[in-house]
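What follows is target.csv (CSV, C-alpha atoms).
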chain,number,residue,atom,x,y,z
J,2,MET,CA,0.0,17.7,-14.7
J,3,ARG,CA,2.0,20.7,-13.6
J,4,ARG,CA,-0.7,21.8,-11.1
J,5,GLN,CA,-0.3,18.5,-9.2
J,6,GLU,CA,3.3,19.3,-8.2
J,7,ASN,CA,4.3,19.5,-4.6
J,8,PHE,CA,1.1,18.0,-3.3
J,9,LEU,CA,2.9,14.8,-2.6
J,10,GLY,CA,4.7,14.9,0.8
J,11,PHE,CA,8.3,13.8,1.0
J,12,GLY,CA,7.4,11.2,3.6
J,13,PHE,CA,4.6,9.7,1.5
J,14,CYS,CA,7.0,9.5,-1.6
J,15,PHE,CA,9.7,7.9,0.6
J,16,LEU,CA,7.2,5.3,1.9
J,17,VAL,CA,6.1,4.4,-1.6
J,18,PHE,CA,9.7,4.2,-2.7
J,19,LEU,CA,10.5,1.7,0.1
J,20,VAL,CA,7.5,-0.4,-0.8
J,21,ILE,CA,8.5,-0.4,-4.5
J,22,PHE,CA,12.1,-1.1,-3.7
J,23,LEU,CA,11.2,-4.1,-1.6
J,24,LEU,CA,8.6,-5.3,-4.1
J,25,SER,CA,11.3,-5.2,-6.9
J,26,ILE,CA,13.6,-7.3,-4.7
J,27,PHE,CA,11.0,-9.9,-3.8
J,28,LEU,CA,9.8,-10.2,-7.3
J,29,GLY,CA,13.4,-10.7,-8.4
J,30,VAL,CA,14.2,-13.3,-5.7
J,31,TYR,CA,10.9,-15.2,-5.4
J,32,GLY,CA,9.1,-14.4,-8.7
J,33,PHE,CA,12.1,-15.4,-10.8
J,34,PHE,CA,12.0,-12.3,-12.9
J,35,LYS,CA,13.6,-8.9,-12.5
J,36,THR,CA,11.7,-5.7,-12.9
J,37,ASP,CA,12.4,-2.0,-13.6
J,38,LEU,CA,10.0,-0.9,-10.8
J,39,VAL,CA,12.4,1.6,-9.3
J,40,LEU,CA,13.1,3.2,-12.7
J,41,VAL,CA,9.4,3.4,-13.5
J,42,PHE,CA,8.7,4.8,-10.0
J,43,LEU,CA,11.2,7.6,-10.6
J,44,LEU,CA,9.8,8.4,-14.1
J,45,VAL,CA,6.3,8.7,-12.7
J,46,LEU,CA,7.3,10.6,-9.6
J,47,ALA,CA,9.3,13.1,-11.7
J,48,SER,CA,5.9,14.6,-12.9
J,49,PHE,CA,4.7,15.2,-9.4
J,50,VAL,CA,7.6,16.6,-7.4
J,51,GLY,CA,10.2,19.4,-7.8
J,52,PHE,CA,13.7,19.1,-9.1
J,53,TRP,CA,15.5,18.7,-5.7
J,54,GLU,CA,13.0,16.0,-4.5
J,55,ILE,CA,13.5,13.9,-7.7
J,56,LEU,CA,17.2,14.4,-7.4
J,57,THR,CA,17.1,13.1,-3.9
J,58,PHE,CA,15.1,10.0,-4.8
J,59,GLY,CA,17.3,9.4,-7.8
J,60,MET,CA,20.4,9.5,-5.6
J,61,LEU,CA,18.7,7.2,-3.1
J,62,ALA,CA,17.9,4.8,-5.9
J,63,VAL,CA,21.5,4.9,-7.2
J,64,PHE,CA,22.8,4.1,-3.7
J,65,LEU,CA,20.5,1.1,-3.2
J,66,MET,CA,20.6,-0.2,-6.8
J,67,ASN,CA,24.3,0.2,-7.7
J,68,TRP,CA,25.9,-3.2,-7.9
J,69,GLN,CA,29.5,-2.2,-8.7
J,70,PRO,CA,32.3,-0.4,-6.8
J,71,TRP,CA,32.0,2.5,-9.3
J,72,VAL,CA,29.0,4.4,-10.6
J,73,SER,CA,28.0,2.7,-13.8
J,74,LEU,CA,26.2,4.0,-16.9
J,75,GLU,CA,23.0,2.3,-15.6
J,76,MET,CA,23.1,4.4,-12.5
J,77,ILE,CA,23.8,7.6,-14.4
J,78,MET,CA,20.8,6.9,-16.6
J,79,LEU,CA,18.7,6.1,-13.5
J,80,LEU,CA,19.5,9.6,-12.3
J,81,ILE,CA,19.4,11.6,-15.5
J,82,LEU,CA,16.1,10.2,-17.1
J,83,PRO,CA,13.8,11.3,-14.2
J,84,LEU,CA,15.5,14.7,-14.1
J,85,GLY,CA,14.8,15.0,-17.8
J,86,VAL,CA,11.2,14.1,-17.3
J,87,ASN,CA,10.9,16.6,-14.4
J,88,LEU,CA,12.1,19.4,-16.6
J,89,GLY,CA,10.3,18.4,-19.8
J,90,HIS,CA,7.0,16.8,-18.9
J,91,ARG,CA,5.1,20.1,-18.8
J,92,PHE,CA,5.6,20.6,-22.5
J,93,LEU,CA,3.9,17.3,-23.4
J,94,PRO,CA,0.4,17.5,-24.8
J,95,GLY,CA,-2.5,15.2,-23.9
J,96,ARG,CA,-4.1,13.8,-20.8
J,97,PRO,CA,-1.8,13.2,-17.8
J,98,LEU,CA,-2.4,9.4,-17.7
J,99,LEU,CA,-1.5,9.1,-21.4
J,100,GLN,CA,1.5,11.3,-20.9
J,101,SER,CA,2.6,9.0,-18.1
J,102,PHE,CA,2.3,5.9,-20.4
J,103,PHE,CA,4.3,7.7,-23.1
J,104,ILE,CA,7.0,8.9,-20.6
J,105,ASN,CA,7.4,5.4,-19.2
J,106,PHE,CA,7.6,3.8,-22.6
J,107,LEU,CA,10.1,6.3,-23.9
J,108,GLY,CA,12.1,6.3,-20.6
J,109,VAL,CA,12.5,2.6,-20.4
J,110,MET,CA,13.3,2.3,-24.1
J,111,ILE,CA,15.9,5.1,-23.9
J,112,PHE,CA,17.4,3.4,-20.8
J,113,TYR,CA,18.0,0.1,-22.5
J,114,ALA,CA,18.9,1.6,-25.9
J,115,VAL,CA,21.6,3.7,-24.3
J,116,LEU,CA,23.0,0.8,-22.2
J,117,ASP,CA,23.2,-1.7,-25.0
J,118,ALA,CA,21.0,-1.2,-28.1
J,119,PRO,CA,22.2,-4.4,-29.9
J,120,ARG,CA,21.4,-6.5,-26.8
J,121,MET,CA,17.9,-4.9,-26.7
J,122,LEU,CA,17.3,-5.7,-30.3
J,123,ASN,CA,18.7,-9.3,-30.0
J,124,ASN,CA,16.2,-9.9,-27.2
J,125,LEU,CA,13.3,-7.9,-28.6
J,126,GLY,CA,10.6,-10.4,-27.3
J,127,LEU,CA,11.9,-10.2,-23.8
J,128,PHE,CA,12.2,-6.5,-24.0
J,129,LEU,CA,8.7,-6.0,-25.2
J,130,SER,CA,7.3,-8.3,-22.5
J,131,PHE,CA,8.8,-6.3,-19.6
J,132,ILE,CA,8.3,-2.9,-21.1
J,133,PHE,CA,4.6,-3.8,-21.3
J,134,ALA,CA,4.7,-4.8,-17.6
J,135,ASP,CA,6.6,-1.5,-16.8
J,136,ILE,CA,3.9,0.6,-18.5
J,137,ILE,CA,1.1,-1.1,-16.7
J,138,PHE,CA,2.9,-0.7,-13.4
J,139,GLY,CA,3.7,2.9,-14.1
J,140,GLY,CA,0.0,3.6,-14.8
J,141,ALA,CA,-0.9,2.1,-11.4
J,142,ILE,CA,1.7,4.3,-9.6
J,143,PHE,CA,0.4,7.3,-11.5
J,144,LEU,CA,-3.1,6.7,-10.3
J,145,VAL,CA,-1.9,6.4,-6.7
J,146,PHE,CA,0.0,9.6,-6.9
J,147,SER,CA,-2.7,11.4,-8.8
J,148,ASN,CA,-5.4,10.5,-6.3
J,149,TYR,CA,-3.2,11.3,-3.3
J,150,SER,CA,-2.2,14.7,-4.6
J,151,ARG,CA,-5.9,15.5,-5.5
J,152,GLN,CA,-6.9,14.7,-1.9
J,153,ASN,CA,-4.1,17.0,-0.6
J,154,GLN,CA,-4.8,20.0,-2.8
T,29,MET,CA,10.8,26.3,3.1
T,30,LYS,CA,14.5,27.0,3.6
T,31,LYS,CA,14.7,24.3,6.3
T,32,ARG,CA,13.1,21.8,3.9
T,33,TYR,CA,15.7,22.5,1.2
T,34,LEU,CA,18.5,22.4,3.8
T,35,GLY,CA,17.3,19.0,4.8
T,36,ILE,CA,17.2,17.8,1.2
T,37,GLY,CA,20.6,19.3,0.5
T,38,ILE,CA,22.1,17.4,3.5
T,39,LEU,CA,20.4,14.2,2.4
T,40,ILE,CA,21.8,14.5,-1.1
T,41,LEU,CA,25.3,15.2,0.3
T,42,VAL,CA,25.1,12.1,2.5
T,43,LEU,CA,24.0,10.0,-0.4
T,44,VAL,CA,26.8,11.3,-2.7
T,45,ILE,CA,29.3,10.4,0.0
T,46,LEU,CA,27.9,6.9,0.5
T,47,ILE,CA,27.7,6.2,-3.3
T,48,LEU,CA,31.3,7.3,-3.8
T,49,PHE,CA,33.0,6.1,-0.7
T,50,ASN,CA,30.9,3.3,0.7
T,51,PRO,CA,29.0,1.5,-2.1
T,52,GLY,CA,29.3,-1.7,-0.1
T,53,LEU,CA,26.6,-0.5,2.3
T,54,GLY,CA,24.0,-0.4,-0.6
T,55,TRP,CA,25.0,-4.0,-1.6
T,56,LYS,CA,24.6,-5.1,2.0
T,57,ILE,CA,21.1,-3.6,2.3
T,58,ARG,CA,20.0,-5.2,-0.9
T,59,GLY,CA,21.7,-8.5,0.0
T,60,PHE,CA,19.9,-8.5,3.4
T,61,PHE,CA,16.5,-8.1,1.8
T,62,GLU,CA,17.4,-10.7,-0.9
T,63,GLY,CA,18.2,-13.1,1.9
T,64,ARG,CA,21.7,-13.4,0.7
T,65,TYR,CA,23.7,-11.3,3.2
T,66,ARG,CA,25.1,-13.2,6.2
T,67,ASN,CA,27.8,-12.2,8.5
T,68,GLN,CA,29.9,-15.3,7.9
T,69,GLY,CA,33.2,-16.2,6.3
T,70,VAL,CA,33.3,-17.1,2.6
T,71,ASP,CA,34.3,-20.7,3.2
T,72,GLU,CA,31.4,-21.1,5.6
T,73,LEU,CA,29.1,-19.7,3.0
T,74,VAL,CA,30.3,-22.0,0.3
T,75,LEU,CA,29.5,-24.9,2.6
T,76,GLU,CA,26.2,-23.5,3.4
T,77,ASN,CA,25.4,-23.4,-0.3
T,78,GLN,CA,26.0,-27.1,-0.4
T,79,SER,CA,23.8,-28.0,2.6
T,80,LEU,CA,21.0,-25.9,1.1
T,81,LYS,CA,21.3,-27.4,-2.3
T,82,SER,CA,22.0,-31.0,-1.4
T,83,GLU,CA,20.4,-32.3,-4.6
T,84,LEU,CA,23.5,-30.9,-6.4
T,85,LEU,CA,25.3,-33.8,-4.9
T,86,LEU,CA,23.6,-36.0,-7.5
T,87,LEU,CA,25.7,-34.3,-10.1
T,88,LYS,CA,28.9,-35.3,-8.2
T,89,ASN,CA,28.0,-39.0,-8.8
T,90,VAL,CA,27.6,-38.5,-12.5
T,91,ARG,CA,30.7,-36.3,-12.7
T,92,ASP,CA,32.8,-39.2,-11.6
T,93,SER,CA,32.4,-40.6,-15.1
T,94,LEU,CA,33.7,-37.4,-16.7
T,95,PRO,CA,37.4,-36.5,-17.3
T,96,LYS,CA,39.0,-35.6,-13.9
T,97,TRP,CA,40.1,-32.1,-13.3
T,98,MET,CA,41.8,-30.6,-10.3
T,99,ALA,CA,41.9,-26.8,-10.4
T,100,ASP,CA,43.0,-24.3,-7.9
T,101,TYR,CA,40.2,-22.1,-6.9
T,102,VAL,CA,39.4,-18.8,-5.1
T,103,PRO,CA,36.2,-18.7,-3.0
T,104,ALA,CA,34.3,-15.5,-3.5
T,105,MET,CA,31.4,-13.8,-1.8
T,106,VAL,CA,28.5,-12.8,-4.1
T,107,TYR,CA,28.2,-9.1,-3.2
T,108,SER,CA,25.4,-8.0,-5.5
T,109,ARG,CA,23.5,-8.8,-8.6
T,110,TYR,CA,22.7,-6.8,-11.7
T,111,PRO,CA,19.4,-5.1,-10.8
T,112,PHE,CA,17.8,-4.6,-14.3
T,113,ASN,CA,16.7,-6.7,-17.2
T,114,LEU,CA,18.5,-8.0,-20.3
T,115,LYS,CA,21.6,-8.9,-18.4
T,116,ASP,CA,22.5,-11.3,-15.6
T,117,GLU,CA,25.8,-10.4,-13.9
T,118,ILE,CA,27.0,-10.8,-10.4
T,119,LEU,CA,29.7,-9.0,-8.4
T,120,LEU,CA,32.1,-11.3,-6.7
T,121,GLY,CA,34.5,-10.5,-3.9
T,122,ALA,CA,37.8,-11.5,-5.6
T,123,GLY,CA,39.8,-9.6,-8.1
T,124,LYS,CA,43.3,-8.7,-9.4
T,125,ASN,CA,44.7,-8.9,-5.9
T,126,GLN,CA,43.5,-12.5,-5.7
T,127,ASN,CA,45.2,-13.3,-9.1
T,128,ILE,CA,41.9,-13.3,-11.1
T,129,THR,CA,42.7,-12.3,-14.7
T,130,GLY,CA,39.4,-12.8,-16.5
T,131,ASN,CA,37.5,-15.5,-18.4
T,132,GLU,CA,37.8,-18.0,-15.4
T,133,ALA,CA,34.9,-20.3,-14.8
T,134,VAL,CA,32.7,-19.5,-11.9
T,135,VAL,CA,31.3,-22.6,-10.2
T,136,LEU,CA,29.0,-23.6,-7.4
T,137,SER,CA,30.8,-26.1,-5.3
T,138,VAL,CA,29.2,-29.6,-5.0
T,139,SER,CA,31.7,-31.3,-2.7
T,140,GLN,CA,30.7,-32.4,0.8
T,141,ASN,CA,33.4,-31.0,3.0
T,142,ALA,CA,35.8,-28.2,3.1
T,143,ASP,CA,38.8,-30.4,2.5
T,144,SER,CA,37.6,-31.3,-0.9
T,145,LEU,CA,36.4,-28.0,-2.3
T,146,THR,CA,38.5,-28.6,-5.4
T,147,SER,CA,36.8,-31.8,-6.3
T,148,GLY,CA,34.0,-30.4,-8.4
T,149,GLY,CA,31.5,-27.8,-9.2
T,150,VAL,CA,28.6,-26.8,-11.4
T,151,LEU,CA,29.4,-24.1,-14.0
T,152,ALA,CA,27.4,-21.0,-13.2
T,153,GLY,CA,29.2,-18.2,-15.1
T,154,ARG,CA,32.4,-16.6,-16.4
T,155,ILE,CA,34.5,-13.8,-15.1
T,156,LYS,CA,34.0,-10.8,-17.4
T,157,THR,CA,35.6,-7.8,-15.8
T,158,VAL,CA,38.2,-7.8,-13.1
T,159,MET,CA,38.8,-4.9,-10.6
T,160,GLU,CA,41.2,-4.7,-7.7
T,161,ASN,CA,39.3,-6.8,-5.1
T,162,THR,CA,36.1,-7.5,-7.0
T,163,SER,CA,35.1,-9.0,-10.4
T,164,LEU,CA,32.0,-9.0,-12.5
T,165,ALA,CA,30.8,-12.4,-13.8
T,166,ALA,CA,28.3,-13.0,-16.5
T,167,THR,CA,26.1,-16.0,-15.6
T,168,ILE,CA,24.5,-18.7,-17.7
T,169,PHE,CA,21.2,-16.8,-17.1
T,170,ASP,CA,22.4,-13.9,-19.2
T,171,PRO,CA,20.5,-13.8,-22.5
T,172,GLU,CA,23.8,-13.3,-24.5
T,173,TRP,CA,25.5,-16.3,-22.9
T,174,ARG,CA,26.7,-18.8,-25.5
T,175,SER,CA,29.0,-21.8,-24.8
T,176,GLU,CA,29.8,-25.2,-26.2
T,177,VAL,CA,28.5,-28.2,-24.3
T,178,LYS,CA,28.2,-32.0,-24.6
T,179,ILE,CA,25.3,-34.2,-23.5
T,180,GLY,CA,25.4,-37.6,-21.9
T,181,ASP,CA,27.8,-40.6,-22.2
T,182,LYS,CA,27.8,-40.3,-26.0
T,183,GLY,CA,29.0,-36.7,-25.8
T,184,VAL,CA,26.4,-35.3,-28.2
T,185,GLU,CA,27.4,-31.7,-29.1
T,186,ALA,CA,25.1,-28.7,-28.4
T,187,LEU,CA,25.1,-25.0,-27.8
T,188,LEU,CA,24.1,-23.6,-24.5
T,189,ARG,CA,22.0,-20.4,-24.9
T,190,GLY,CA,21.7,-18.4,-21.8
T,191,GLY,CA,18.5,-16.7,-20.5
T,192,VAL,CA,16.0,-16.8,-17.7
T,193,LYS,CA,15.5,-20.4,-18.7
T,194,PRO,CA,18.8,-21.6,-20.3
T,195,GLU,CA,18.3,-23.7,-23.4
T,196,LEU,CA,20.3,-26.2,-25.4
T,197,ALA,CA,20.2,-25.7,-29.1
T,198,LEU,CA,21.8,-27.2,-32.3
T,199,ILE,CA,21.4,-30.8,-31.2
T,200,LYS,CA,21.4,-33.1,-34.2
T,201,LYS,CA,18.0,-34.5,-35.0
T,202,GLU,CA,19.3,-38.1,-35.0
T,203,ALA,CA,21.3,-37.7,-31.7
T,204,ASP,CA,20.3,-40.2,-29.0
T,205,VAL,CA,19.6,-37.8,-26.1
T,206,LYS,CA,16.9,-38.0,-23.5
T,207,ASP,CA,15.6,-36.2,-20.4
T,208,GLY,CA,17.9,-36.7,-17.5
T,209,ASP,CA,21.2,-36.8,-19.5
T,210,LEU,CA,24.0,-34.9,-17.9
T,211,VAL,CA,25.1,-31.7,-19.7
T,212,TYR,CA,28.7,-30.6,-19.3
T,213,SER,CA,30.9,-27.8,-20.6
T,214,THR,CA,33.4,-28.3,-23.4
T,215,ASP,CA,34.0,-24.6,-24.0
T,216,SER,CA,37.7,-23.9,-24.7
T,217,ARG,CA,37.7,-21.0,-22.2
T,218,PHE,CA,37.1,-23.3,-19.3
T,219,LEU,CA,38.4,-26.6,-17.9
T,220,TYR,CA,36.9,-29.5,-19.9
T,221,GLY,CA,33.9,-31.3,-18.4
T,222,ILE,CA,32.5,-29.0,-15.8
T,223,PRO,CA,28.8,-30.1,-15.3
T,224,LEU,CA,26.0,-27.7,-15.9
T,225,GLY,CA,22.8,-29.6,-15.2
T,226,TYR,CA,20.5,-32.1,-16.8
T,227,LEU,CA,18.6,-32.3,-20.0
T,228,LYS,CA,14.9,-31.6,-19.8
T,229,GLU,CA,12.0,-31.5,-22.3
T,230,VAL,CA,13.9,-32.6,-25.4
T,231,ARG,CA,11.9,-31.5,-28.5
T,232,LEU,CA,12.2,-30.7,-32.2
T,233,ALA,CA,13.4,-27.2,-33.0
T,234,PRO,CA,10.9,-25.0,-34.9
T,235,ASP,CA,12.8,-25.6,-38.1
T,236,ASN,CA,12.3,-29.5,-37.7
T,237,LEU,CA,15.9,-30.1,-38.7
T,238,LEU,CA,17.5,-30.0,-35.2
T,239,LYS,CA,16.5,-30.7,-31.6
T,240,GLU,CA,16.5,-28.4,-28.6
T,241,ALA,CA,16.0,-28.9,-24.9
T,242,ASP,CA,15.8,-27.1,-21.6
T,243,LEU,CA,18.6,-27.2,-19.0
T,244,ASP,CA,17.4,-28.6,-15.7
T,245,LEU,CA,19.2,-26.8,-12.9
T,246,SER,CA,18.8,-27.8,-9.3
T,247,TYR,CA,19.7,-24.5,-7.7
T,248,ASP,CA,18.6,-20.9,-7.5
T,249,LEU,CA,21.5,-18.6,-8.2
T,250,GLY,CA,19.7,-15.7,-6.6
T,251,GLN,CA,20.0,-17.4,-3.2
T,252,VAL,CA,23.7,-18.4,-3.6
T,253,GLN,CA,26.0,-16.4,-1.2
T,254,ALA,CA,29.4,-17.6,-2.3
T,255,LEU,CA,31.0,-19.2,-5.4
T,256,LEU,CA,34.3,-20.6,-6.5
T,257,ILE,CA,36.4,-19.0,-9.2
T,258,LEU,CA,38.4,-21.7,-10.9
T,259,LYS,CA,41.9,-20.6,-11.8
T,260,LYS,CA,43.3,-21.5,-15.2
T,261,PRO,CA,45.9,-24.3,-15.0

Show me the file's structure as structure tokens.
Amino acid sequence: MRRQENFLGFGFCFLVFLVIFLLSIFLGVYGFFKTDLVLVFLLVLASFVGFWEILTFGMLAVFLMNWQPWVSLEMIMLLILPLGVNLGHRFLPGRPLLQSFFINFLGVMIFYAVLDAPRMLNNLGLFLSFIFADIIFGGAIFLVFSNYSRQNQ
Amino acid sequence: MKKRYLGIGILILVLVILILFNPGLGWKIRGFFEGRYRNQGVDELVLENQSLKSELLLLKNVRDSLPKWMADYVPAMVYSRYPFNLKDEILLGAGKNQNITGNEAVVLSVSQNADSLTSGGVLAGRIKTVMENTSLAATIFDPEWRSEVKIGDKGVEALLRGGVKPELALIKKEADVKDGDLVYSTDSRFLYGIPLGYLKEVRLAPDNLLKEADLDLSYDLGQVQALLILKKP
């Protein structure tokens, strides 16, 4: 996966980010369910771009997703997790797509476990249903990025 | 390459400044796309809620048979909504400076004109955390929401369990309840008798010892732009 880095242009990533941000809003408003699309997008993107790029998109996500006057734990995690993936993904074994599934599963689980583990366990059915959707969605973004970066190599 | 990193550095700096000193801009952008943000006064927005959700007026008729309460209130804009799963919270534009202390009921007004805003409302949540000029409210759509309620004219007791689809649990098996019965709050944290919605799909609980039902709500909280915070008497 390392060799794919930096073949995604900043503009392309920004466009995908905007589409996903709007999609997450419309799904929340009109689909009657909330999603972690932006978190999953950042987790996948972290394997394709450099440290400063993922930091920029993390900050942009925090700016648009923050819902309180102060920076909450949710926003800190939204920033830290993709940075962790960016630094650590190259040490993971296996095929890139499987790595991506694993990273998304682990990332979303750590996100909710750190925020409120008892709440996560009390609502395990709900948690499993949306983590499944997150992994599928993450796989789709991975394929888009993977194909795009291959074309631009 | 240097130019690229200079650009990224400036962008990061701008974002840090916005996050720390103007978080409201992010709420407005999200609110705009959610169809919630309007450049109007809070009282106008409360009234707009009512015209959009006229079916809520039905609750007003039934509420007349409930104990009367007249509470002072603070109208508050809905600034933003919790963006992830497993929680349902909203940020409201009233806080310590508006004498909000915490645990107040948050209601959607159902009255017909501005002069009678205090005449009633539908319970939508509870103030959880209070800041200077804002407060966080947990809504009845939060999976951890639990509150005592009664059903219908006979006042059958039940427990409201929050969630994407709020449910009523612990209804006695022999209780005479049916679809369409009004559900109202009896939780000691709030004023007695604030309506919540109607009973829907009454059924036997999986244990066959009790009944449970869905709560029929005639509004979409995601579209609500302003709410009332009822002050404690």

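A straight line drawn from CA of Leu41 (chain T) to CA of Phe64 (chain J) is 12.1 Å long.
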
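CA of Glu62 (chain T) to CA of Leu40 (chain J) spans 18.7 Å [interatomic distance, one decimal].
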
Quick one: distance from CA of Met121 (chain J) to CA of Leu187 (chain T) in Å, one decimal?
21.4 Å

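Near region 254-259 of chain T, within a cut-off of 6 Å and counting all atoms listed in the file, sit the residues Leu73, Val74, Asp100, Tyr101, Val102, Pro103, Ala104, Met105, Val106, Glu132, Ala133, Val134, Val135, Leu136 and Val252 of chain T, with same-chain residues fewer than 2 positions away left out.
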
Show me, as a short mmCIF file (atom, residue, chain, number, x, y, z; two decimals) with C-alpha atoms, in the frame of the given file, the residues that have an atom within 12 Å of Gly10 (chain J) when counting all atoms listed in the file, minus same-chain residues fewer than 2 positions from it.
data_model
loop_
_atom_site.label_atom_id
_atom_site.label_comp_id
_atom_site.auth_asym_id
_atom_site.auth_seq_id
_atom_site.Cartn_x
_atom_site.Cartn_y
_atom_site.Cartn_z
CA GLN J 5 -0.30 18.50 -9.20
CA GLU J 6 3.30 19.30 -8.20
CA ASN J 7 4.30 19.50 -4.60
CA PHE J 8 1.10 18.00 -3.30
CA GLY J 12 7.40 11.20 3.60
CA PHE J 13 4.60 9.70 1.50
CA CYS J 14 7.00 9.50 -1.60
CA PHE J 15 9.70 7.90 0.60
CA LEU J 16 7.20 5.30 1.90
CA VAL J 17 6.10 4.40 -1.60
CA LEU J 46 7.30 10.60 -9.60
CA PHE J 49 4.70 15.20 -9.40
CA VAL J 50 7.60 16.60 -7.40
CA GLY J 51 10.20 19.40 -7.80
CA GLU J 54 13.00 16.00 -4.50
CA PHE J 146 0.00 9.60 -6.90
CA TYR J 149 -3.20 11.30 -3.30
CA SER J 150 -2.20 14.70 -4.60
CA GLN J 152 -6.90 14.70 -1.90
CA ASN J 153 -4.10 17.00 -0.60
CA GLN J 154 -4.80 20.00 -2.80
CA ARG T 32 13.10 21.80 3.90
#

For chain J, list the residues within 6 Å of chain T, counting all atoms listed in the file, and write the list as a PyMOL selection string.
chain J and resi 57+64-65+68

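By chain and then residue number, the residues within 7 Å of Asn105 (chain J) are Val41, Leu44, Ser101, Phe102, Phe103, Leu107, Gly108, Val109, Ile136 and Gly139 of chain J, counting all atoms listed in the file and disregarding those fewer than 2 positions away in sequence.
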